[in-house]
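model-v6.csv follows; it contains CSV, C-alpha atoms (C1' of nucleotides).
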chain,number,residue,atom,x,y,z
A,1,MET,CA,0.0,0.0,0.0
A,2,SER,CA,3.1,2.2,0.0
A,3,ASP,CA,2.3,3.4,-3.5
A,4,LEU,CA,-1.3,4.1,-2.6
A,5,LEU,CA,-0.8,7.9,-2.8
A,6,GLU,CA,0.7,7.6,-6.2
A,7,ARG,CA,-2.2,5.4,-7.4
A,8,LEU,CA,-4.6,8.0,-6.1
A,9,ARG,CA,-2.9,10.9,-7.7
A,10,GLY,CA,-2.9,9.0,-10.9
A,11,ARG,CA,-6.7,8.7,-10.6
A,12,GLY,CA,-7.0,12.5,-10.4
A,13,TRP,CA,-7.2,12.9,-6.7
A,14,ARG,CA,-6.3,16.3,-5.4
A,15,MET,CA,-3.6,15.5,-2.8
A,16,THR,CA,-4.5,17.2,0.4
A,17,ALA,CA,-2.9,17.0,3.8
A,18,GLN,CA,-6.1,15.4,5.2
A,19,ARG,CA,-6.2,12.6,2.6
A,20,ARG,CA,-2.5,11.9,3.0
A,21,VAL,CA,-3.1,11.5,6.8
A,22,VAL,CA,-6.0,9.2,6.4
A,23,ALA,CA,-4.1,7.0,3.9
A,24,GLU,CA,-1.1,7.0,6.3
A,25,VAL,CA,-3.2,5.8,9.2
A,26,LEU,CA,-4.7,2.9,7.2
A,27,ASP,CA,-1.2,2.1,5.8
A,28,GLY,CA,0.4,2.2,9.2
A,29,GLU,CA,-1.6,-0.5,11.0
A,30,HIS,CA,-3.0,-3.4,9.2
A,31,VAL,CA,-5.8,-3.9,11.5
A,32,HIS,CA,-9.5,-3.2,11.2
A,33,LEU,CA,-10.2,0.3,12.4
A,34,THR,CA,-13.5,2.0,12.8
A,35,ALA,CA,-14.1,5.4,11.2
A,36,ASP,CA,-13.8,7.0,14.7
A,37,GLU,CA,-10.5,5.2,15.4
A,38,VAL,CA,-9.2,6.4,12.0
A,39,HIS,CA,-10.3,9.9,13.0
A,40,ALA,CA,-8.6,9.7,16.4
A,41,ARG,CA,-5.3,8.6,14.8
A,42,ALA,CA,-5.6,11.2,12.1
A,43,VAL,CA,-6.2,14.0,14.6
A,44,ALA,CA,-2.9,13.0,16.3
A,45,LYS,CA,-1.1,13.9,13.1
A,46,LEU,CA,-3.3,16.8,11.9
A,47,PRO,CA,-5.4,18.2,14.8
A,48,GLU,CA,-7.9,20.2,12.7
A,49,ILE,CA,-9.1,17.3,10.5
A,50,SER,CA,-12.8,16.9,10.8
A,51,ARG,CA,-15.0,13.8,11.2
A,52,ALA,CA,-16.8,14.5,7.9
A,53,THR,CA,-13.5,14.5,6.0
A,54,VAL,CA,-12.5,11.2,7.4
A,55,TYR,CA,-15.9,9.7,6.5
A,56,ASN,CA,-15.6,11.2,3.0
A,57,THR,CA,-12.1,10.0,2.4
A,58,LEU,CA,-12.8,6.5,3.7
A,59,GLY,CA,-15.9,6.3,1.4
A,60,GLU,CA,-13.8,7.4,-1.6
A,61,LEU,CA,-11.1,4.8,-0.8
A,62,VAL,CA,-13.8,2.2,-0.7
A,63,THR,CA,-15.3,3.3,-4.0
A,64,LEU,CA,-11.8,3.2,-5.5
A,65,GLY,CA,-11.4,-0.4,-4.2
A,66,GLU,CA,-8.3,0.5,-2.2
A,67,VAL,CA,-10.0,-0.3,1.2
A,68,LEU,CA,-12.8,-2.7,2.2
A,69,GLU,CA,-15.7,-2.0,4.4
A,70,VAL,CA,-16.3,-4.8,7.0
A,71,SER,CA,-19.4,-5.0,9.0
A,72,THR,CA,-18.9,-7.8,11.4
A,73,ASP,CA,-21.1,-6.6,14.2
A,74,ARG,CA,-23.9,-4.2,14.6
A,75,ARG,CA,-21.5,-1.5,15.7
A,76,ALA,CA,-19.4,0.8,13.5
A,77,LYS,CA,-18.2,-0.3,10.1
A,78,ARG,CA,-14.5,-1.2,10.0
A,79,TYR,CA,-12.0,-0.4,7.3
A,80,ASP,CA,-9.7,-3.1,6.0
A,81,PRO,CA,-6.6,-1.9,4.0
A,82,ASN,CA,-6.1,-5.5,2.8
A,83,ALA,CA,-8.3,-5.0,-0.3
A,84,HIS,CA,-6.1,-6.6,-2.9
A,85,ARG,CA,-6.1,-10.1,-1.6
A,86,PRO,CA,-9.5,-11.8,-1.3
A,87,HIS,CA,-10.2,-13.0,2.2
A,88,GLN,CA,-13.0,-13.5,4.7
A,89,HIS,CA,-13.2,-12.7,8.4
A,90,LEU,CA,-13.1,-14.6,11.7
A,91,VAL,CA,-14.6,-12.7,14.6
A,92,CYS,CA,-14.5,-13.3,18.3
A,93,ALA,CA,-18.0,-13.1,19.6
A,94,ARG,CA,-16.9,-11.9,23.0
A,95,CYS,CA,-14.0,-9.4,22.5
A,96,GLY,CA,-14.7,-8.5,18.9
A,97,ALA,CA,-11.2,-9.4,17.7
A,98,ILE,CA,-11.0,-9.8,13.9
A,99,ARG,CA,-8.6,-11.9,11.8
A,100,ASP,CA,-8.4,-12.1,8.0
A,101,VAL,CA,-8.8,-15.8,6.9
A,102,HIS,CA,-8.5,-17.6,3.6
A,103,PRO,CA,-11.0,-20.4,3.2
A,104,THR,CA,-10.2,-23.0,0.5
A,105,GLY,CA,-12.3,-23.1,-2.6
A,106,ASN,CA,-14.7,-20.5,-3.9
A,107,PRO,CA,-17.7,-20.1,-1.6
A,108,LEU,CA,-19.8,-19.2,-4.7
A,109,SER,CA,-19.5,-22.7,-6.0
A,110,ALA,CA,-21.5,-24.0,-3.0
A,111,LEU,CA,-24.6,-22.3,-4.2
A,112,PRO,CA,-26.3,-24.3,-7.0
A,113,ASP,CA,-28.2,-22.6,-9.8
A,114,SER,CA,-31.5,-23.8,-8.4
A,115,GLU,CA,-30.7,-21.7,-5.3
A,116,ARG,CA,-29.9,-18.5,-7.1
A,117,PHE,CA,-33.4,-17.5,-8.1
A,118,GLY,CA,-32.2,-15.7,-11.2
A,119,PHE,CA,-29.9,-13.4,-9.3
A,120,THR,CA,-26.6,-12.3,-10.9
A,121,ILE,CA,-24.3,-12.9,-8.0
A,122,SER,CA,-21.2,-10.8,-7.8
A,123,ASP,CA,-19.9,-11.2,-4.3
A,124,VAL,CA,-19.9,-13.5,-1.3
A,125,GLU,CA,-19.1,-12.5,2.2
A,126,VAL,CA,-18.3,-15.1,4.9
A,127,THR,CA,-18.0,-14.4,8.6
A,128,TYR,CA,-16.9,-17.1,10.9
A,129,ARG,CA,-17.8,-16.4,14.6
A,130,GLY,CA,-16.5,-18.0,17.7
A,131,LEU,CA,-14.2,-17.4,20.7
A,132,CYS,CA,-10.6,-16.4,20.3
A,133,PRO,CA,-8.1,-18.4,22.4
A,134,ASN,CA,-8.0,-15.7,25.1
A,135,CYS,CA,-11.8,-15.5,25.5
A,136,SER,CA,-12.4,-19.2,25.4
A,137,ALA,CA,-9.8,-19.7,28.1
A,138,SER,CA,-11.5,-17.1,30.4
A,139,ALA,CA,-15.0,-18.3,29.6
G,1,MET,CA,-44.1,-21.6,14.3
G,2,SER,CA,-47.7,-22.1,15.3
G,3,ASP,CA,-46.7,-23.6,18.6
G,4,LEU,CA,-44.3,-20.8,19.3
G,5,LEU,CA,-46.6,-19.3,22.0
G,6,GLU,CA,-46.7,-22.7,23.7
G,7,ARG,CA,-43.0,-23.1,23.6
G,8,LEU,CA,-42.5,-19.7,25.1
G,9,ARG,CA,-45.0,-20.3,27.8
G,10,GLY,CA,-43.2,-23.5,28.6
G,11,ARG,CA,-40.1,-21.4,29.1
G,12,GLY,CA,-41.7,-19.3,31.7
G,13,TRP,CA,-42.7,-16.4,29.6
G,14,ARG,CA,-45.4,-14.3,31.0
G,15,MET,CA,-47.9,-14.2,28.1
G,16,THR,CA,-48.9,-10.6,27.5
G,17,ALA,CA,-50.9,-9.1,24.7
G,18,GLN,CA,-47.8,-7.3,23.4
G,19,ARG,CA,-45.8,-10.5,23.2
G,20,ARG,CA,-48.6,-12.3,21.5
G,21,VAL,CA,-48.9,-9.7,18.9
G,22,VAL,CA,-45.2,-9.6,18.1
G,23,ALA,CA,-45.1,-13.4,17.8
G,24,GLU,CA,-48.2,-13.2,15.5
G,25,VAL,CA,-46.6,-10.7,13.2
G,26,LEU,CA,-43.5,-12.8,12.8
G,27,ASP,CA,-45.5,-15.9,12.3
G,28,GLY,CA,-47.8,-14.3,9.8
G,29,GLU,CA,-45.3,-13.3,7.1
G,30,HIS,CA,-42.2,-15.3,6.5
G,31,VAL,CA,-40.3,-12.4,5.3
G,32,HIS,CA,-37.4,-10.4,6.8
G,33,LEU,CA,-38.9,-7.5,8.7
G,34,THR,CA,-37.1,-4.7,10.4
G,35,ALA,CA,-37.9,-3.9,14.0
G,36,ASP,CA,-39.8,-0.8,12.8
G,37,GLU,CA,-41.8,-2.9,10.3
G,38,VAL,CA,-42.7,-5.3,13.1
G,39,HIS,CA,-43.7,-2.4,15.2
G,40,ALA,CA,-45.9,-0.9,12.5
G,41,ARG,CA,-47.7,-4.2,12.0
G,42,ALA,CA,-48.0,-4.7,15.7
G,43,VAL,CA,-49.5,-1.3,16.2
G,44,ALA,CA,-52.2,-2.2,13.6
G,45,LYS,CA,-53.3,-5.0,16.0
G,46,LEU,CA,-52.6,-3.3,19.3
G,47,PRO,CA,-52.3,0.5,18.9
G,48,GLU,CA,-50.7,1.2,22.2
G,49,ILE,CA,-47.7,-1.1,21.9
G,50,SER,CA,-44.4,0.8,22.2
G,51,ARG,CA,-41.2,0.7,20.3
G,52,ALA,CA,-39.2,-0.4,23.3
G,53,THR,CA,-41.4,-3.4,23.9
G,54,VAL,CA,-41.0,-4.5,20.3
G,55,TYR,CA,-37.3,-4.2,20.6
G,56,ASN,CA,-37.3,-6.1,23.9
G,57,THR,CA,-39.5,-8.8,22.7
G,58,LEU,CA,-37.5,-9.3,19.5
G,59,GLY,CA,-34.3,-9.4,21.5
G,60,GLU,CA,-35.8,-12.1,23.8
G,61,LEU,CA,-36.9,-14.2,20.8
G,62,VAL,CA,-33.4,-14.0,19.4
G,63,THR,CA,-31.9,-15.0,22.7
G,64,LEU,CA,-34.3,-18.0,22.9
G,65,GLY,CA,-33.3,-19.0,19.4
G,66,GLU,CA,-36.8,-18.7,18.0
G,67,VAL,CA,-35.9,-15.9,15.6
G,68,LEU,CA,-32.7,-14.9,13.8
G,69,GLU,CA,-31.2,-11.5,13.5
G,70,VAL,CA,-30.0,-10.8,10.0
G,71,SER,CA,-27.8,-7.8,9.1
G,72,THR,CA,-27.4,-7.8,5.4
G,73,ASP,CA,-26.9,-4.1,4.9
G,74,ARG,CA,-25.9,-1.2,7.0
G,75,ARG,CA,-29.4,-0.3,7.8
G,76,ALA,CA,-31.7,-1.8,10.3
G,77,LYS,CA,-31.4,-5.4,11.5
G,78,ARG,CA,-34.0,-7.8,10.1
G,79,TYR,CA,-35.7,-10.6,11.9
G,80,ASP,CA,-36.0,-14.0,10.4
G,81,PRO,CA,-38.6,-16.4,11.8
G,82,ASN,CA,-37.0,-19.2,9.9
G,83,ALA,CA,-34.7,-20.1,12.8
G,84,HIS,CA,-35.0,-23.8,12.8
G,85,ARG,CA,-33.7,-24.6,9.4
G,86,PRO,CA,-30.1,-23.5,8.8
G,87,HIS,CA,-29.7,-21.3,5.8
G,88,GLN,CA,-27.8,-18.4,4.4
G,89,HIS,CA,-29.0,-15.2,2.6
G,90,LEU,CA,-29.0,-13.9,-0.9
G,91,VAL,CA,-29.4,-10.1,-1.1
G,92,CYS,CA,-30.1,-7.8,-4.0
G,93,ALA,CA,-27.5,-5.0,-3.9
G,94,ARG,CA,-29.9,-2.6,-5.5
G,95,CYS,CA,-33.4,-3.1,-4.1
G,96,GLY,CA,-32.4,-5.0,-0.9
G,97,ALA,CA,-34.6,-8.0,-1.6
G,98,ILE,CA,-33.6,-11.0,0.6
G,99,ARG,CA,-34.0,-14.7,-0.1
G,100,ASP,CA,-33.1,-17.6,2.1
G,101,VAL,CA,-30.8,-20.0,0.3
G,102,HIS,CA,-29.3,-23.4,1.1
G,103,PRO,CA,-25.7,-23.8,-0.1
G,104,THR,CA,-24.4,-27.3,-0.4
G,105,GLY,CA,-21.9,-28.6,2.1
G,106,ASN,CA,-20.9,-27.1,5.4
G,107,PRO,CA,-19.2,-23.7,5.0
G,108,LEU,CA,-17.1,-24.4,8.1
G,109,SER,CA,-15.2,-27.2,6.4
G,110,ALA,CA,-13.7,-24.7,4.0
G,111,LEU,CA,-11.7,-23.2,6.8
G,112,PRO,CA,-8.6,-25.3,7.5
G,113,ASP,CA,-7.2,-25.6,11.0
G,114,SER,CA,-4.2,-23.5,10.0
G,115,GLU,CA,-6.6,-20.6,9.4
G,116,ARG,CA,-8.5,-20.9,12.7
G,117,PHE,CA,-5.9,-19.3,14.9
G,118,GLY,CA,-7.0,-21.2,17.9
G,119,PHE,CA,-10.5,-19.9,17.7
G,120,THR,CA,-13.4,-22.1,18.8
G,121,ILE,CA,-15.7,-21.5,15.8
G,122,SER,CA,-19.4,-21.9,16.5
G,123,ASP,CA,-21.1,-20.2,13.6
G,124,VAL,CA,-20.7,-19.2,10.0
G,125,GLU,CA,-22.7,-16.6,8.2
G,126,VAL,CA,-22.6,-16.4,4.4
G,127,THR,CA,-24.1,-13.5,2.4
G,128,TYR,CA,-24.4,-13.7,-1.3
G,129,ARG,CA,-24.8,-10.3,-3.0
G,130,GLY,CA,-25.9,-9.5,-6.5
G,131,LEU,CA,-28.8,-8.2,-8.6
G,132,CYS,CA,-32.2,-9.8,-8.5
G,133,PRO,CA,-33.9,-10.6,-11.8
G,134,ASN,CA,-35.9,-7.3,-11.7
G,135,CYS,CA,-33.0,-5.1,-10.9
G,136,SER,CA,-30.6,-6.7,-13.4
G,137,ALA,CA,-33.2,-6.2,-16.1
G,138,SER,CA,-33.6,-2.5,-15.4
G,139,ALA,CA,-29.9,-1.9,-14.9
N,1,DA,C1',-62.7,-14.2,43.4
N,2,DT,C1',-59.5,-11.0,45.0
N,3,DC,C1',-55.0,-9.5,46.3
N,4,DC,C1',-49.9,-9.1,45.7
N,5,DT,C1',-45.9,-8.6,43.6
N,6,DA,C1',-42.4,-9.2,40.4
N,7,DC,C1',-42.1,-9.1,35.7
N,8,DG,C1',-43.3,-6.5,31.7
N,9,DA,C1',-44.8,-2.1,29.2
N,10,DT,C1',-44.5,2.7,28.4
N,11,DA,C1',-42.8,7.4,26.9
N,12,DG,C1',-39.4,9.8,26.0
N,13,DA,C1',-34.6,11.1,26.8
N,14,DC,C1',-30.2,9.7,25.3
N,15,DT,C1',-26.4,7.4,22.5
N,16,DT,C1',-24.0,5.9,18.6
N,17,DT,C1',-22.9,6.0,13.9
N,18,DG,C1',-23.3,8.3,10.0
N,19,DT,C1',-25.0,12.0,6.4
N,20,DC,C1',-25.9,16.6,4.9
N,21,DT,C1',-25.4,21.6,4.2
N,22,DA,C1',-23.6,26.1,3.7
N,23,DA,C1',-19.7,28.6,3.9
N,24,DG,C1',-14.8,28.9,3.9
N,25,DT,C1',-10.0,27.1,2.0
N,26,DC,C1',-6.5,25.6,-1.0
N,27,DA,C1',-4.1,22.4,-4.8
N,28,DA,C1',-2.9,22.6,-9.2
N,29,DG,C1',-3.3,24.3,-13.8
N,30,DC,C1',-2.7,28.5,-16.3
Z,1,DG,C1',0.6,34.6,-8.6
Z,2,DC,C1',-4.3,34.1,-9.8
Z,3,DT,C1',-8.5,31.4,-10.4
Z,4,DT,C1',-11.5,28.0,-9.8
Z,5,DG,C1',-13.7,24.1,-8.6
Z,6,DA,C1',-12.7,20.4,-5.7
Z,7,DC,C1',-12.0,19.8,-0.7
Z,8,DT,C1',-12.7,20.8,4.2
Z,9,DT,C1',-15.1,22.4,8.1
Z,10,DA,C1',-18.4,22.8,12.1
Z,11,DG,C1',-22.4,21.7,13.4
Z,12,DA,C1',-27.1,20.4,12.5
Z,13,DC,C1',-29.6,16.5,11.4
Z,14,DA,C1',-31.2,11.5,10.9
Z,15,DA,C1',-31.7,6.6,11.7
Z,16,DA,C1',-31.5,2.8,14.7
Z,17,DG,C1',-31.4,1.3,19.0
Z,18,DT,C1',-30.7,1.5,24.3
Z,19,DC,C1',-31.8,3.1,28.9
Z,20,DT,C1',-34.5,4.9,32.8
Z,21,DA,C1',-38.1,5.9,35.8
Z,22,DT,C1',-42.7,5.0,36.4
Z,23,DC,C1',-46.9,2.6,35.7
Z,24,DG,C1',-49.6,-1.6,34.7
Z,25,DT,C1',-50.8,-6.4,34.9
Z,26,DA,C1',-50.3,-11.8,34.5
Z,27,DG,C1',-50.6,-15.3,37.2
Z,28,DG,C1',-49.7,-17.5,41.6
Z,29,DA,C1',-51.1,-17.2,46.6
Z,30,DT,C1',-54.9,-16.8,49.7
As structure tokens, please, write out the structure in this file.
Amino acid sequence: MSDLLERLRGRGWRMTAQRRVVAEVLDGEHVHLTADEVHARAVAKLPEISRATVYNTLGELVTLGEVLEVSTDRRAKRYDPNAHRPHQHLVCARCGAIRDVHPTGNPLSALPDSERFGFTISDVEVTYRGLCPNCSASA
Amino acid sequence: MSDLLERLRGRGWRMTAQRRVVAEVLDGEHVHLTADEVHARAVAKLPEISRATVYNTLGELVTLGEVLEVSTDRRAKRYDPNAHRPHQHLVCARCGAIRDVHPTGNPLSALPDSERFGFTISDVEVTYRGLCPNCSASA
DNA sequence: ATCCTACGATAGACTTTGTCTAAGTCAAGC
DNA sequence: GCTTGACTTAGACAAAGTCTATCGTAGGAT
């Protein structure tokens, strides 16, 4: 993701301090941050950045396919900078920890035509839920 | 689901008019209603029922395993009375239509041990996204 | 049948997450 | 260095849901 800024410039992005900071935050930690967490880290680098700009920038990055939105719980969306390698998510039902995982095979092939009801399917999302080692130890 | 009320009574539920109405709404239409939609239909039968009660009752039904929560989009949770037959969901990315689907095999078996990171996995949720026949025709 | 009481229902305030708007600012081409 | 339209900002607004204090009632006890 180090050349992210270059790719974005190539797509006609105006390169502002705010956008640079948001990209840096996502690039810096390959974890799944919420918009608010991104904002908090961005404020540390650029105190006057606003919430709206963080939301806008994250939305643009998602539209451009540089970042994935992940909704594993009913709380805030999370942003996953690992957009270029297809993967699914494993979520701890207790502490909310999230790991990227790579199931074998294509989950789409498990859905026979008779179960597609004429839909044109373009995407499959799989979320595995359970307890992480820590939480199952202290259960 | 016709014996739902009996099952609930057997579990020590106090049988109030409000709970009966919520159960009837879910029983009546096997679609995926939001809490607000459930509330609207419940009000039609029992005008003084409150939003909080609908939320509480739905939450209890979910806890009891009688109803499933489905979060296919970033909007409201939906409630699925089809809790006793395992299934996944197929969602239209444009109009939001939801269908229950039954993929072949167990989605869990696609996740090798090396990708489980010590988690105790108890559940898998699969969401297929695409365009329904209507929406792909008018695209 | 009536009474009691703990469980359930209610209205409405509050919270969280996110979107929108109107006005100000600035990156980049000229 | 101007200009201009794309970007940013603060704060109002909105949707979905939770919480709280108070009132009502289902169902067992008498």
Could you give me, as a tab-separated table, every chain G residue with an atom at most 9 Å from chain N, plus its closest atom pair and distance in Å to one decimal, counting all atoms listed in the file, rows ordered by chain then number?
residue	atom	partner	partner_atom	distance
G:Arg14	CA	N:DC7	C1'	7.7
G:Thr16	CA	N:DG8	C1'	8.1
G:Gln18	CA	N:DA9	C1'	8.3
G:Glu48	CA	N:DT10	C1'	8.9
G:Ile49	CA	N:DA9	C1'	7.9
G:Ser50	CA	N:DT10	C1'	6.5
G:Arg51	CA	N:DT10	C1'	9.0
G:Ala52	CA	N:DT10	C1'	8.0
G:Thr53	CA	N:DA9	C1'	6.4
Inset, instruction - Identify the residues around (-8.2, -19.5, 16.8) within a radius of 9 Å, measuring from all atoms listed in the file in the coordinates stated by the file, and give them as a PyMOL selection string. - result: (chain A and resi 90+92+130-133) or (chain G and resi 113-121)
Legend entry - Residue hits in chain A, query chain G, radius 12 Å, all atoms listed in the file, as a ChimeraX atom specification: /A:69-78,87-94,97-137,139
Inset, instruction - Define the interface residues of chain Z facing chain G as those within 9 Å, counting only C-alpha atoms (C1' of nucleotides), and report them as a list in words. - result: DA15, DA16, DG17, DT18, DT25, DA26 and DG27 of chain Z
Legend entry - Distance of atom CA of Glu60 of chain G from atom C1' of DT20 of chain Z, expressed in Å to one decimal place: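 These two atoms are separated by 19.3 Å.
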Inset, instruction - For atom CA of Thr63 of chain G and atom CA of Lys45 of chain G, quote the distance in Å rounded to one decimal. - result: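 Those two atoms sit 24.6 Å apart.
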Inset, instruction - Select all residues near (0.1, 11.6, 7.9) (cut-off 6 Å, inclusive, file coordinates), counting all atoms listed in the file, and output them as a list in words. - result: Arg20, Val21, Glu24 and Lys45 of chain A
Inset, instruction - Work out how far atom CA of Ala23 of chain G is from atom CA of Glu6 of chain G, in Å to one decimal. - result: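 Here the two named atoms are 11.1 Å from each other.
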Which centre and edge lengths in Å to one decimal define the box along x, y and z that fits every listed atom of segment 3-12 of chain Z plus 3 Å per side, as JSON?
{"center_x": -17.8, "center_y": 25.6, "center_z": 1.5, "size_x": 24.6, "size_y": 17.6, "size_z": 29.8}
